[in-house]
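S.K.: Just upload.txt, nothing more (compact mmCIF, C-alpha atoms and all ligand atoms):
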# COMPACT_ATOMS: atom_id res chain seq x y z
CA MET A 1 -37.03 -70.18 -71.40
CA THR A 2 -37.44 -73.25 -73.49
CA GLY A 3 -38.49 -76.45 -71.83
CA LYS A 4 -38.03 -79.98 -73.02
CA LYS A 5 -39.90 -83.08 -72.10
CA LEU A 6 -39.02 -84.81 -68.92
CA GLU A 7 -39.77 -88.34 -67.96
CA THR A 8 -40.69 -87.33 -64.45
CA PRO A 9 -44.26 -86.23 -63.91
CA ILE A 10 -45.18 -83.12 -61.98
CA LYS A 11 -47.60 -83.37 -59.12
CA GLN A 12 -51.18 -82.69 -59.81
CA ILE A 13 -53.82 -82.00 -57.23
CA LEU A 14 -57.29 -82.99 -58.27
CA PRO A 15 -59.93 -80.28 -57.98
CA GLY A 16 -62.36 -80.88 -55.15
CA ARG A 17 -60.17 -83.40 -53.40
CA PRO A 18 -58.01 -82.89 -50.36
CA VAL A 19 -54.58 -81.73 -51.36
CA SER A 20 -53.22 -84.85 -49.77
CA GLU A 21 -54.71 -86.82 -52.65
CA VAL A 22 -52.17 -85.96 -55.21
CA ILE A 23 -51.60 -87.86 -58.38
CA SER A 24 -48.93 -87.67 -60.99
CA ALA A 25 -49.21 -85.73 -64.20
CA VAL A 26 -46.87 -84.53 -66.90
CA GLY A 27 -43.70 -82.69 -66.02
CA HIS A 28 -40.60 -81.22 -67.49
CA ARG A 29 -36.96 -80.74 -66.89
CA LEU A 30 -36.22 -77.12 -67.51
CA ARG A 31 -32.94 -75.76 -68.67
CA GLY A 32 -31.28 -73.95 -65.81
CA CYS A 33 -34.10 -74.84 -63.41
CA ARG A 34 -34.61 -77.57 -60.93
CA ARG A 35 -36.40 -80.65 -61.93
CA VAL A 36 -40.00 -80.47 -60.83
CA HIS A 37 -41.54 -83.69 -59.74
CA THR A 38 -43.83 -86.05 -59.49
CA THR A 39 -45.87 -88.59 -57.69
CA ILE A 40 -46.46 -88.00 -54.05
CA ASP A 41 -46.81 -90.50 -51.34
CA ARG A 42 -50.07 -89.78 -49.52
CA ARG A 43 -48.17 -90.30 -46.32
CA GLU A 44 -46.23 -87.13 -47.08
CA HIS A 45 -49.27 -85.16 -46.08
CA ASP A 46 -49.82 -87.04 -42.88
CA MET A 47 -46.39 -85.90 -41.76
CA THR A 48 -44.91 -82.62 -40.79
CA THR A 49 -41.72 -81.10 -42.15
CA THR A 50 -39.71 -78.73 -40.03
CA LEU A 51 -37.52 -76.22 -41.82
CA ARG A 52 -34.82 -75.08 -39.45
CA ASN A 53 -32.25 -72.37 -39.77
CA VAL A 54 -34.12 -70.26 -42.34
CA ARG A 55 -34.46 -66.53 -42.59
CA VAL A 56 -38.13 -65.90 -43.27
CA PHE A 57 -39.48 -63.18 -45.53
CA ASP A 58 -42.98 -63.31 -44.13
CA GLY A 59 -44.55 -61.41 -47.02
CA ASP A 60 -43.76 -58.09 -45.44
CA ARG A 61 -40.27 -58.14 -43.97
CA LEU A 62 -37.29 -60.36 -43.25
CA LEU A 63 -37.25 -62.03 -39.84
CA GLU A 64 -34.40 -63.45 -37.81
CA PRO A 65 -33.35 -67.05 -38.59
CA GLY A 66 -35.96 -69.43 -37.28
CA THR A 67 -38.13 -72.48 -37.86
CA VAL A 68 -41.12 -72.99 -40.13
CA VAL A 69 -43.34 -76.07 -40.00
CA ILE A 70 -45.20 -77.55 -42.97
CA ASP A 71 -48.16 -79.45 -41.59
CA GLY A 72 -49.90 -81.17 -44.48
CA ALA A 73 -51.03 -78.49 -46.92
CA LEU A 74 -50.67 -75.68 -44.41
CA ILE A 75 -48.06 -73.83 -42.44
CA GLY A 76 -48.25 -75.25 -38.95
CA ASN A 77 -47.05 -74.55 -35.47
CA PRO A 78 -43.76 -75.94 -34.20
CA GLY A 79 -44.06 -79.44 -32.76
CA PRO A 80 -41.76 -82.26 -31.78
CA GLU A 81 -42.46 -84.70 -34.62
CA GLY A 82 -41.74 -84.61 -38.34
CA THR A 83 -38.90 -84.55 -40.82
CA ASP A 84 -36.18 -81.97 -40.41
CA VAL A 85 -34.86 -79.90 -43.30
CA ASP A 86 -31.83 -77.69 -42.71
CA GLY A 87 -32.49 -74.40 -44.46
CA ARG A 88 -28.76 -73.65 -44.36
CA SER A 89 -29.39 -69.98 -43.65
CA GLY A 90 -31.30 -69.56 -46.89
CA VAL A 91 -34.26 -67.22 -47.24
CA LEU A 92 -37.74 -68.69 -47.20
CA LEU A 93 -40.26 -66.76 -49.30
CA PRO A 94 -44.00 -67.19 -49.63
CA GLY A 95 -44.74 -68.98 -52.92
CA LEU A 96 -44.57 -66.47 -55.76
CA PHE A 97 -47.49 -65.03 -57.71
CA ASP A 98 -47.44 -64.13 -61.37
CA ALA A 99 -50.40 -61.74 -61.59
CA HIS A 100 -50.67 -61.84 -65.39
CA VAL A 101 -50.14 -64.99 -67.43
CA HIS A 102 -51.82 -66.78 -70.32
CA LEU A 103 -52.05 -70.55 -70.24
CA LEU A 104 -52.03 -72.75 -73.30
CA GLY A 105 -51.42 -76.05 -71.58
CA PRO A 106 -49.69 -78.03 -68.82
CA ASP A 107 -46.24 -77.11 -70.14
CA ASP A 108 -46.87 -73.52 -69.10
CA LEU A 109 -47.82 -74.66 -65.59
CA ASP A 110 -44.69 -76.76 -65.31
CA ARG A 111 -42.44 -73.87 -66.21
CA LEU A 112 -44.19 -71.63 -63.70
CA ALA A 113 -43.91 -74.27 -60.97
CA ALA A 114 -40.20 -74.82 -61.63
CA SER A 115 -39.58 -71.10 -61.10
CA GLY A 116 -41.33 -70.97 -57.73
CA VAL A 117 -44.65 -69.62 -58.99
CA THR A 118 -47.31 -71.27 -56.84
CA THR A 119 -50.21 -69.01 -57.86
CA ALA A 120 -50.75 -67.87 -61.45
CA LEU A 121 -53.46 -65.39 -62.39
CA ASP A 122 -54.52 -66.05 -65.95
CA MET A 123 -55.81 -63.02 -67.81
CA ALA A 124 -57.57 -64.64 -70.76
CA CYS A 125 -57.97 -68.29 -71.60
CA TRP A 126 -60.74 -70.22 -73.35
CA PRO A 127 -62.84 -72.28 -73.79
CA PRO A 128 -64.01 -72.92 -70.20
CA PRO A 129 -63.33 -76.71 -70.24
CA HIS A 130 -59.72 -75.92 -71.16
CA VAL A 131 -59.43 -73.57 -68.18
CA ASP A 132 -61.02 -76.16 -65.90
CA ALA A 133 -58.51 -78.77 -67.03
CA LEU A 134 -55.70 -76.52 -65.82
CA ARG A 135 -57.20 -75.92 -62.40
CA GLY A 136 -56.23 -77.80 -59.29
CA ARG A 137 -52.63 -78.37 -60.32
CA VAL A 138 -49.33 -76.73 -59.47
CA PRO A 139 -49.39 -73.76 -59.63
CA ASP A 140 -52.84 -72.97 -58.35
CA ILE A 141 -54.55 -70.80 -60.95
CA ARG A 142 -57.32 -68.26 -61.21
CA SER A 143 -58.63 -67.25 -64.63
CA ALA A 144 -60.57 -64.50 -66.35
CA GLY A 145 -61.77 -66.94 -69.00
CA THR A 146 -62.98 -65.14 -72.14
CA PRO A 147 -62.07 -61.42 -72.26
CA ALA A 148 -64.32 -58.53 -73.37
CA ILE A 149 -63.01 -56.85 -76.51
CA GLY A 150 -64.13 -54.46 -79.23
CA ALA A 151 -64.51 -55.65 -82.82
CA GLY A 152 -62.01 -53.17 -84.23
CA GLY A 153 -58.80 -53.74 -82.33
CA PRO A 154 -55.95 -56.20 -82.80
CA HIS A 155 -57.28 -58.48 -80.05
CA ALA A 156 -60.38 -59.25 -82.16
CA ARG A 157 -58.08 -60.63 -84.83
CA MET A 158 -56.20 -62.98 -82.52
CA PRO A 159 -56.53 -66.55 -83.80
CA GLY A 160 -59.34 -68.46 -82.14
CA MET A 161 -60.85 -65.50 -80.32
CA PRO A 162 -64.41 -66.60 -79.49
CA ALA A 163 -67.24 -64.58 -81.05
CA ASP A 164 -68.87 -63.94 -77.68
CA ALA A 165 -65.78 -62.01 -76.57
CA ILE A 166 -66.80 -59.13 -78.83
CA LEU A 167 -69.04 -56.38 -77.48
CA SER A 168 -70.43 -53.44 -79.40
CA ALA A 169 -72.75 -51.67 -76.92
CA PRO A 170 -73.06 -51.06 -73.16
CA GLU A 171 -76.24 -53.19 -73.01
CA GLU A 172 -74.14 -56.22 -73.85
CA ALA A 173 -72.02 -55.84 -70.71
CA GLU A 174 -74.37 -57.48 -68.20
CA PRO A 175 -75.08 -60.60 -70.31
CA PHE A 176 -71.34 -60.89 -71.06
CA VAL A 177 -70.42 -60.78 -67.37
CA ALA A 178 -73.28 -63.11 -66.38
CA LYS A 179 -72.01 -65.66 -68.90
CA ARG A 180 -68.44 -65.43 -67.62
CA VAL A 181 -69.62 -65.88 -64.04
CA ALA A 182 -71.68 -68.94 -65.07
CA GLU A 183 -68.60 -70.37 -66.78
CA GLY A 184 -66.52 -69.96 -63.61
CA SER A 185 -64.42 -66.90 -64.44
CA ASP A 186 -62.73 -65.66 -61.28
CA TYR A 187 -62.63 -62.02 -62.45
CA ILE A 188 -63.63 -60.09 -65.56
CA LYS A 189 -61.01 -59.09 -68.14
CA ILE A 190 -61.70 -56.02 -70.26
CA VAL A 191 -59.52 -55.00 -73.19
CA ALA A 192 -59.40 -51.20 -73.34
CA GLU A 193 -57.76 -49.94 -76.52
CA ARG A 194 -57.13 -46.58 -78.13
CA PRO A 195 -60.51 -44.89 -78.73
CA GLY A 196 -61.69 -45.52 -82.29
CA PRO A 197 -64.29 -47.21 -84.45
CA ASP A 198 -65.48 -50.55 -83.09
CA MET A 199 -63.36 -50.26 -79.94
CA LEU A 200 -64.93 -50.67 -76.51
CA ASP A 201 -66.08 -47.12 -75.76
CA GLN A 202 -66.11 -45.48 -72.35
CA ALA A 203 -69.79 -46.32 -71.76
CA THR A 204 -69.20 -50.01 -72.48
CA VAL A 205 -66.12 -50.20 -70.27
CA ASP A 206 -68.09 -48.42 -67.52
CA ALA A 207 -70.93 -50.94 -67.91
CA LEU A 208 -68.53 -53.91 -67.78
CA VAL A 209 -66.94 -52.64 -64.57
CA ALA A 210 -70.38 -52.04 -63.02
CA ALA A 211 -71.63 -55.48 -64.07
CA ALA A 212 -68.52 -57.18 -62.68
CA ARG A 213 -69.02 -55.38 -59.37
CA ALA A 214 -72.71 -56.32 -59.29
CA HIS A 215 -71.67 -59.96 -59.66
CA GLY A 216 -69.07 -59.61 -56.92
CA LYS A 217 -66.13 -59.96 -59.30
CA LEU A 218 -63.02 -57.86 -59.71
CA SER A 219 -62.53 -56.18 -63.08
CA VAL A 220 -59.12 -56.18 -64.75
CA ALA A 221 -58.46 -53.93 -67.74
CA HIS A 222 -55.77 -54.31 -70.37
CA ALA A 223 -54.45 -50.83 -71.24
CA SER A 224 -51.18 -50.29 -73.08
CA SER A 225 -51.65 -46.73 -74.35
CA VAL A 226 -52.17 -43.52 -72.39
CA ALA A 227 -55.68 -43.05 -73.81
CA ALA A 228 -56.74 -46.63 -73.04
CA TYR A 229 -55.31 -46.33 -69.53
CA ARG A 230 -57.39 -43.21 -68.92
CA THR A 231 -60.53 -45.01 -70.12
CA ALA A 232 -59.89 -47.90 -67.73
CA VAL A 233 -59.12 -45.68 -64.76
CA GLN A 234 -62.11 -43.45 -65.41
CA ALA A 235 -64.36 -46.52 -65.52
CA GLY A 236 -63.22 -47.39 -62.00
CA VAL A 237 -61.74 -50.75 -62.94
CA ASP A 238 -60.18 -52.57 -59.97
CA VAL A 239 -56.92 -53.56 -61.67
CA VAL A 240 -55.19 -52.03 -64.69
CA THR A 241 -52.66 -54.22 -66.43
CA HIS A 242 -49.76 -53.16 -68.69
CA VAL A 243 -48.49 -49.57 -68.74
CA PRO A 244 -48.43 -47.24 -71.74
CA LEU A 245 -45.61 -47.37 -74.26
CA ASP A 246 -46.70 -44.19 -76.05
CA GLY A 247 -46.25 -41.84 -73.11
CA VAL A 248 -45.92 -41.56 -69.34
CA LEU A 249 -49.07 -41.62 -67.20
CA ASP A 250 -50.19 -38.12 -66.25
CA ASP A 251 -50.50 -36.96 -62.64
CA GLU A 252 -54.28 -36.74 -62.81
CA THR A 253 -54.67 -40.40 -63.86
CA VAL A 254 -52.23 -41.56 -61.19
CA ALA A 255 -53.95 -39.44 -58.50
CA ARG A 256 -57.30 -40.89 -59.49
CA MET A 257 -55.96 -44.43 -59.08
CA VAL A 258 -54.76 -43.55 -55.58
CA ALA A 259 -58.13 -42.02 -54.70
CA GLU A 260 -60.08 -45.01 -56.09
CA GLY A 261 -57.79 -47.65 -54.61
CA GLN A 262 -56.95 -49.07 -58.04
CA VAL A 263 -54.11 -51.52 -58.52
CA ALA A 264 -51.49 -51.77 -61.29
CA VAL A 265 -49.97 -54.89 -62.87
CA PRO A 266 -47.52 -53.22 -65.26
CA THR A 267 -46.07 -56.34 -66.99
CA LEU A 268 -42.77 -54.59 -67.73
CA SER A 269 -41.49 -57.87 -69.20
CA MET A 270 -44.19 -57.68 -71.88
CA MET A 271 -43.70 -53.97 -72.49
CA GLU A 272 -39.99 -54.62 -73.03
CA ALA A 273 -40.74 -57.56 -75.36
CA THR A 274 -43.30 -55.51 -77.28
CA VAL A 275 -40.88 -52.68 -77.98
CA ARG A 276 -38.29 -55.22 -79.02
CA GLY A 277 -40.77 -57.11 -81.19
CA ARG A 278 -42.63 -54.39 -83.06
CA GLY A 279 -40.71 -51.18 -82.38
CA ARG A 280 -43.46 -48.75 -83.40
CA PRO A 281 -42.50 -45.09 -83.74
CA GLY A 282 -43.37 -43.10 -80.64
CA GLU A 283 -43.26 -46.13 -78.37
CA ALA A 284 -40.48 -46.59 -75.85
CA TYR A 285 -39.83 -48.92 -72.93
CA GLU A 286 -38.74 -45.88 -70.90
CA ASN A 287 -42.37 -44.67 -70.91
CA ALA A 288 -43.44 -47.93 -69.29
CA ARG A 289 -40.66 -47.79 -66.71
CA ASP A 290 -41.35 -44.13 -65.87
CA SER A 291 -45.07 -44.84 -65.49
CA VAL A 292 -44.27 -47.57 -62.96
CA ALA A 293 -42.03 -45.13 -61.12
CA ALA A 294 -44.90 -42.60 -61.02
CA LEU A 295 -47.46 -45.19 -59.85
CA HIS A 296 -45.13 -46.49 -57.18
CA ALA A 297 -44.14 -43.03 -55.93
CA ALA A 298 -47.82 -42.09 -55.61
CA GLY A 299 -48.62 -45.21 -53.60
CA VAL A 300 -50.57 -47.26 -56.17
CA PRO A 301 -50.08 -50.96 -55.34
CA VAL A 302 -47.85 -52.42 -58.06
CA LEU A 303 -48.06 -56.19 -58.59
CA ALA A 304 -45.58 -58.45 -60.36
CA GLY A 305 -47.12 -59.88 -63.52
CA THR A 306 -45.43 -60.78 -66.77
CA ASP A 307 -48.05 -61.50 -69.48
CA ALA A 308 -46.18 -64.77 -70.06
CA ASN A 309 -47.57 -66.55 -73.08
CA SER A 310 -46.54 -69.41 -75.28
CA ALA A 311 -48.71 -68.71 -78.33
CA PRO A 312 -46.87 -70.03 -81.38
CA GLY A 313 -45.46 -67.18 -83.46
CA SER A 314 -46.15 -64.54 -80.81
CA PRO A 315 -44.42 -61.28 -81.80
CA SER A 316 -43.74 -60.62 -78.11
CA PRO A 317 -42.75 -63.90 -76.49
CA VAL A 318 -42.47 -63.87 -72.72
CA SER A 319 -41.49 -67.15 -71.08
CA HIS A 320 -43.45 -68.62 -68.20
CA GLY A 321 -41.73 -68.69 -64.82
CA ASP A 322 -38.34 -67.33 -65.75
CA SER A 323 -39.95 -64.02 -66.69
CA LEU A 324 -41.33 -63.50 -63.18
CA HIS A 325 -37.78 -63.20 -61.88
CA HIS A 326 -36.97 -60.82 -64.71
CA GLU A 327 -40.09 -58.80 -63.86
CA LEU A 328 -38.91 -58.43 -60.25
CA ALA A 329 -35.58 -57.08 -61.50
CA LEU A 330 -37.36 -54.62 -63.82
CA LEU A 331 -39.58 -53.43 -60.97
CA VAL A 332 -36.50 -52.78 -58.84
CA GLU A 333 -34.94 -50.93 -61.76
CA ALA A 334 -38.14 -48.84 -61.97
CA GLY A 335 -37.81 -47.76 -58.34
CA LEU A 336 -39.25 -50.43 -56.08
CA SER A 337 -37.04 -51.54 -53.22
CA THR A 338 -36.20 -55.24 -53.11
CA VAL A 339 -38.63 -55.67 -50.22
CA GLU A 340 -41.38 -53.94 -52.22
CA ALA A 341 -40.62 -56.15 -55.22
CA LEU A 342 -40.96 -59.26 -53.04
CA ARG A 343 -44.27 -57.97 -51.67
CA SER A 344 -45.43 -57.34 -55.25
CA ALA A 345 -45.19 -61.08 -55.92
CA THR A 346 -46.43 -62.36 -52.54
CA SER A 347 -48.55 -60.51 -49.98
CA LEU A 348 -49.83 -57.73 -52.27
CA PRO A 349 -51.39 -59.89 -55.01
CA ALA A 350 -52.89 -62.15 -52.33
CA ARG A 351 -54.54 -59.13 -50.74
CA CYS A 352 -55.59 -57.42 -53.98
CA PHE A 353 -57.14 -60.58 -55.46
CA GLY A 354 -58.79 -61.66 -52.21
CA LEU A 355 -56.70 -64.79 -51.73
CA GLY A 356 -56.41 -64.54 -47.98
CA ASP A 357 -55.18 -68.11 -47.59
CA ARG A 358 -51.72 -67.33 -48.98
CA GLY A 359 -49.11 -64.67 -49.69
CA SER A 360 -47.37 -64.73 -46.34
CA ILE A 361 -45.67 -67.21 -44.05
CA THR A 362 -48.05 -67.52 -41.15
CA PRO A 363 -49.43 -70.61 -39.38
CA GLY A 364 -52.76 -71.62 -40.88
CA LEU A 365 -52.05 -70.36 -44.40
CA ARG A 366 -51.31 -72.58 -47.40
CA ALA A 367 -47.79 -73.96 -47.31
CA ASP A 368 -46.76 -72.27 -50.56
CA LEU A 369 -43.06 -71.72 -49.99
CA VAL A 370 -39.85 -71.08 -51.91
CA LEU A 371 -36.46 -71.60 -50.30
CA VAL A 372 -33.64 -69.65 -51.96
CA THR A 373 -29.96 -69.85 -51.15
CA GLY A 374 -29.08 -66.20 -51.76
CA ASP A 375 -30.45 -63.02 -50.19
CA PRO A 376 -33.06 -61.41 -52.45
CA LEU A 377 -33.22 -58.40 -50.16
CA ALA A 378 -29.60 -57.65 -50.98
CA ASP A 379 -29.94 -58.58 -54.65
CA ILE A 380 -33.32 -59.33 -56.19
CA ALA A 381 -31.66 -61.71 -58.67
CA ALA A 382 -31.30 -64.13 -55.74
CA THR A 383 -34.96 -65.15 -56.18
CA ARG A 384 -33.54 -67.30 -58.98
CA SER A 385 -31.32 -69.30 -56.60
CA ILE A 386 -34.13 -71.72 -55.78
CA GLU A 387 -33.37 -74.66 -53.55
CA ARG A 388 -36.84 -76.04 -52.76
CA ILE A 389 -40.46 -75.26 -53.68
CA TRP A 390 -43.60 -76.35 -51.86
CA CYS A 391 -47.10 -75.77 -53.21
CA ALA A 392 -49.86 -76.45 -50.68
CA GLY A 393 -47.28 -78.45 -48.76
CA VAL A 394 -46.33 -80.55 -51.77
CA ASP A 395 -42.58 -80.52 -52.36
CA VAL A 396 -42.42 -80.09 -56.12
CA THR A 397 -38.64 -80.16 -56.23
CA ARG A 398 -37.71 -83.11 -54.12
ZN ZN B 401 -52.17 -60.60 -71.32
Could you write out this structure as structure tokens?
M.R.:
Amino acid sequence: MTGKKLETPIKQILPGRPVSEVISAVGHRLRGCRRVHTTIDRREHDMTTTLRNVRVFDGDRLLEPGTVVIDGALIGNPGPEGTDVDGRSGVLLPGLFDAHVHLLGPDDLDRLAASGVTTALDMACWPPPHVDALRGRVPDIRSAGTPAIGAGGPHARMPGMPADAILSAPEEAEPFVAKRVAEGSDYIKIVAERPGPDMLDQATVDALVAAARAHGKLSVAHASSVAAYRTAVQAGVDVVTHVPLDGVLDDETVARMVAEGQVAVPTLSMMEATVRGRGRPGEAYENARDSVAALHAAGVPVLAGTDANSAPGSPSPVSHGDSLHHELALLVEAGLSTVEALRSATSLPARCFGLGDRGSITPGLRADLVLVTGDPLADIAATRSIERIWCAGVDVTR
């Protein structure tokens, strides 16, 4: 999706302040999307909004038409006062997660927000002040900060990759992780590549996973080949992102993920874009899709993530926001039911990333909500029919 500048600013919530103290920032009008807005009247958060006549997907299943109350930044309990909104029999979803994005700047956030993404999990972004500048806005983000990579792979040649991202021995794992934690990384990103000279070897990936765990952080490994995926799984990484293009995951690897409680973020949107962009011999999108089918059939939690990025000249462009809806469709195509696809972008990522304050529609949780006019349980494409979006109770569409 291409965005163009809008006069209207998007809402911004300042870090460390109550969400009721919202100021204006930059925003965009997005082609085919709602306009996302803007300054908020502080009084908005002193009031309650009552959504009536909505069918609620509570993060797990669809409930009978009912009433949901937004009380400030949270989902509240029904009360007499407040503004009424007629949901017109639409479906109310928890705000959507994209469990794998990259963030260059506020434009990326605006596109995510306009597509109903209220939580975005960044999987590599630097330097730390840049990450911090993107926090506390809409969507709410978490970030890996600087990733761990080997000197020999393509990631080491990405423009601007900081020197301290490169590791060459297991002993460097602990200082690397300690530095990320000091910088504020929310989890540790590890780039596992095909075994070879100057790639992160098994011992170094093992040490990174162990160091992350010792610091109380989740580890997330990039793995887009069968061999890299095995390295990541064998290391006991918490989350593996991407799926191989050069083959389908073998039963042993999948069984190990089930046994270890590992989680997959396949980024089918990126795998599709990669095949389209570089088309290497021996690589096929079908391998990615069939790996997702195998993971899902075995019971590995599969999360919706896109690898959305806006790097200029990227050979595999994936648009922010719009791609999340495409990802849901690809997950359904790969064998998830529509309900499972919705969970993959709501309750499951909240649980897997320890964000217990969101991901379902329950009193006391953050009022991250998306009202759609269609029925995404009947047709997953209906997640695109967005009527209203709230992020921490802030109506970003009004
Ligand atoms: Zn990525």
S.K.: Write out as a VMD selection string which residues come within 12 Å of Ala297 (chain A) when counting only C-alpha atoms, dropping same-chain ones fewer than 6 positions away.
M.R.: chain A and resid 251 254 to 255 258 290 to 291 334 to 337 340
S.K.: Kindly give the distance, in Å, that separates CA of Gly79 (chain A) and CA of Ile361 (chain A), rounded to a single decimal.
M.R.: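 Going from CA of Gly79 (chain A) over to CA of Ile361 (chain A) covers 16.7 Å.
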S.K.: Can you check which parts of chain A lie within 9 Å of ligand ZN 401 (chain B)? Per residue, the shortest pair of atoms and distance in Å to one decimal, counting all atoms listed in the file, sorted by chain and number, as a Markdown table.
M.R.:
| residue | atom | partner | partner_atom | distance |
| --- | --- | --- | --- | --- |
| A:His100 | CA | B:ZN401 | ZN | 6.2 |
| A:Val101 | CA | B:ZN401 | ZN | 6.2 |
| A:His102 | CA | B:ZN401 | ZN | 6.3 |
| A:Asp122 | CA | B:ZN401 | ZN | 8.0 |
| A:Met123 | CA | B:ZN401 | ZN | 5.6 |
| A:Ala124 | CA | B:ZN401 | ZN | 6.8 |
| A:His222 | CA | B:ZN401 | ZN | 7.3 |
| A:Thr241 | CA | B:ZN401 | ZN | 8.1 |
| A:His242 | CA | B:ZN401 | ZN | 8.3 |
| A:Thr267 | CA | B:ZN401 | ZN | 8.6 |
| A:Met270 | CA | B:ZN401 | ZN | 8.5 |
| A:Thr306 | CA | B:ZN401 | ZN | 8.1 |
| A:Asp307 | CA | B:ZN401 | ZN | 4.6 |
| A:Ala308 | CA | B:ZN401 | ZN | 7.4 |
| A:Asn309 | CA | B:ZN401 | ZN | 7.7 |
S.K.: Would you please work out which residue, of A:Ala211, A:Val68, A:Cys125, A:Ala293, is nearest to Thr48 (chain A) when using all atoms listed in the file?
M.R.: A:Val68
S.K.: May I have the residues within 7 Å of Ala367 (chain A) as an NGL selection string, using only C-alpha atoms and disregarding those fewer than 6 positions away in the same chain?
M.R.: :A and (70 or 73-75 or 390-393)
S.K.: CA of Glu174 (chain A) to CA of Thr204 (chain A): how many Å, to one decimal?
M.R.: 10.0 Å
S.K.: Using all atoms listed in the file, pick whichever of A:Pro139, A:Pro175, A:Gly359, A:Gly184 has the shortest atom-to-atom distance to Trp126 (chain A).
M.R.: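 Once distances to Trp126 (chain A) are computed over all atoms listed in the file, the minimum belongs to A:Gly184.
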S.K.: Between CA of Ala151 (chain A) and CA of Pro195 (chain A), what is the spacing in Å?
M.R.: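 CA of Pro195 (chain A) sits 12.2 Å away from CA of Ala151 (chain A).
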S.K.: Quick one: residues within 9 Å of Gln234 (chain A), all atoms listed in the file, excluding same-chain residues fewer than 6 positions away - as a PyMOL selection string?
M.R.: chain A and resi 202+206+253+256-257
S.K.: Identify, on the basis of all atoms listed in the file, every residue whose closest approach to Cys352 (chain A) does not exceed 10 Å; exclude the query and any residue fewer than 2 positions from it along the same chain; express the result as a list in words.
M.R.: Leu218, Asp238, Val239, Gln262, Val263, Pro301, Leu303, Ser347, Leu348, Pro349, Ala350, Gly354, Leu355 and Gly356 of chain A
S.K.: At most 9 Å from (-59.6, -50.6, -71.5), file frame, all atoms listed in the file: which residues, as a PyMOL selection string?
M.R.: chain A and resi 149+190-194+200-202+205+220-224+227-233+235+237+240
S.K.: For Thr383 (chain A), which of A:Ala273, A:Ala163, A:Leu63, A:Leu324 is the closest residue, counting all atoms listed in the file?
M.R.: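 Selected residue with least distance to Thr383 (chain A): A:Leu324.
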S.K.: Around the point (-63.2, -61.6, -73.6) (coordinates from the file), which residues reach within 10 Å if we count all atoms listed in the file? Answer as a PyMOL selection string.
M.R.: chain A and resi 123-126+144-150+155-156+161-167+176-177+180+188-191
S.K.: Given the choices A:Ala178, A:Ala259, A:Leu109, A:Met47, which gets closest to Asp84 (chain A) if the distance is worked out from only C-alpha atoms?
M.R.: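 Looking only at the distances to Asp84 (chain A), the closest residue turns out to be A:Met47.
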S.K.: If you take every atom of region 294-299 of chain A that the file lists and fit an axis-aligned box around them with 6 Å extra on each side, what centre and edge lengths come out in Å to one decimal, as lines of an AutoDock Vina configuration file?
M.R.:
center_x = -46.4
center_y = -44.3
center_z = -57.3
size_x = 16.5
size_y = 16.4
size_z = 19.4
S.K.: Counting all atoms listed in the file, which of A:Asp98, A:Asp322, A:Asp379, A:Asp198 gets nearest to Ile141 (chain A)?
M.R.: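 For Ile141 (chain A), the nearest of the candidates is A:Asp98.
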S.K.: Which residues, written as a compact mmCIF listing (two decimals) with C-alpha atoms, keeping the file's coordinate frame, have at least one atom at most 10 Å from Arg384 (chain A), with all atoms listed in the file counted and residues fewer than 5 positions away on the same chain left out?
M.R.:
# COMPACT_ATOMS: atom_id res chain seq x y z
CA GLY A 32 -31.28 -73.95 -65.81
CA CYS A 33 -34.10 -74.84 -63.41
CA SER A 115 -39.58 -71.10 -61.10
CA GLY A 116 -41.33 -70.97 -57.73
CA ASP A 322 -38.34 -67.33 -65.75
CA LEU A 324 -41.33 -63.50 -63.18
CA HIS A 325 -37.78 -63.20 -61.88
CA HIS A 326 -36.97 -60.82 -64.71
CA VAL A 372 -33.64 -69.65 -51.96
CA THR A 373 -29.96 -69.85 -51.15
CA GLY A 374 -29.08 -66.20 -51.76
CA PRO A 376 -33.06 -61.41 -52.45
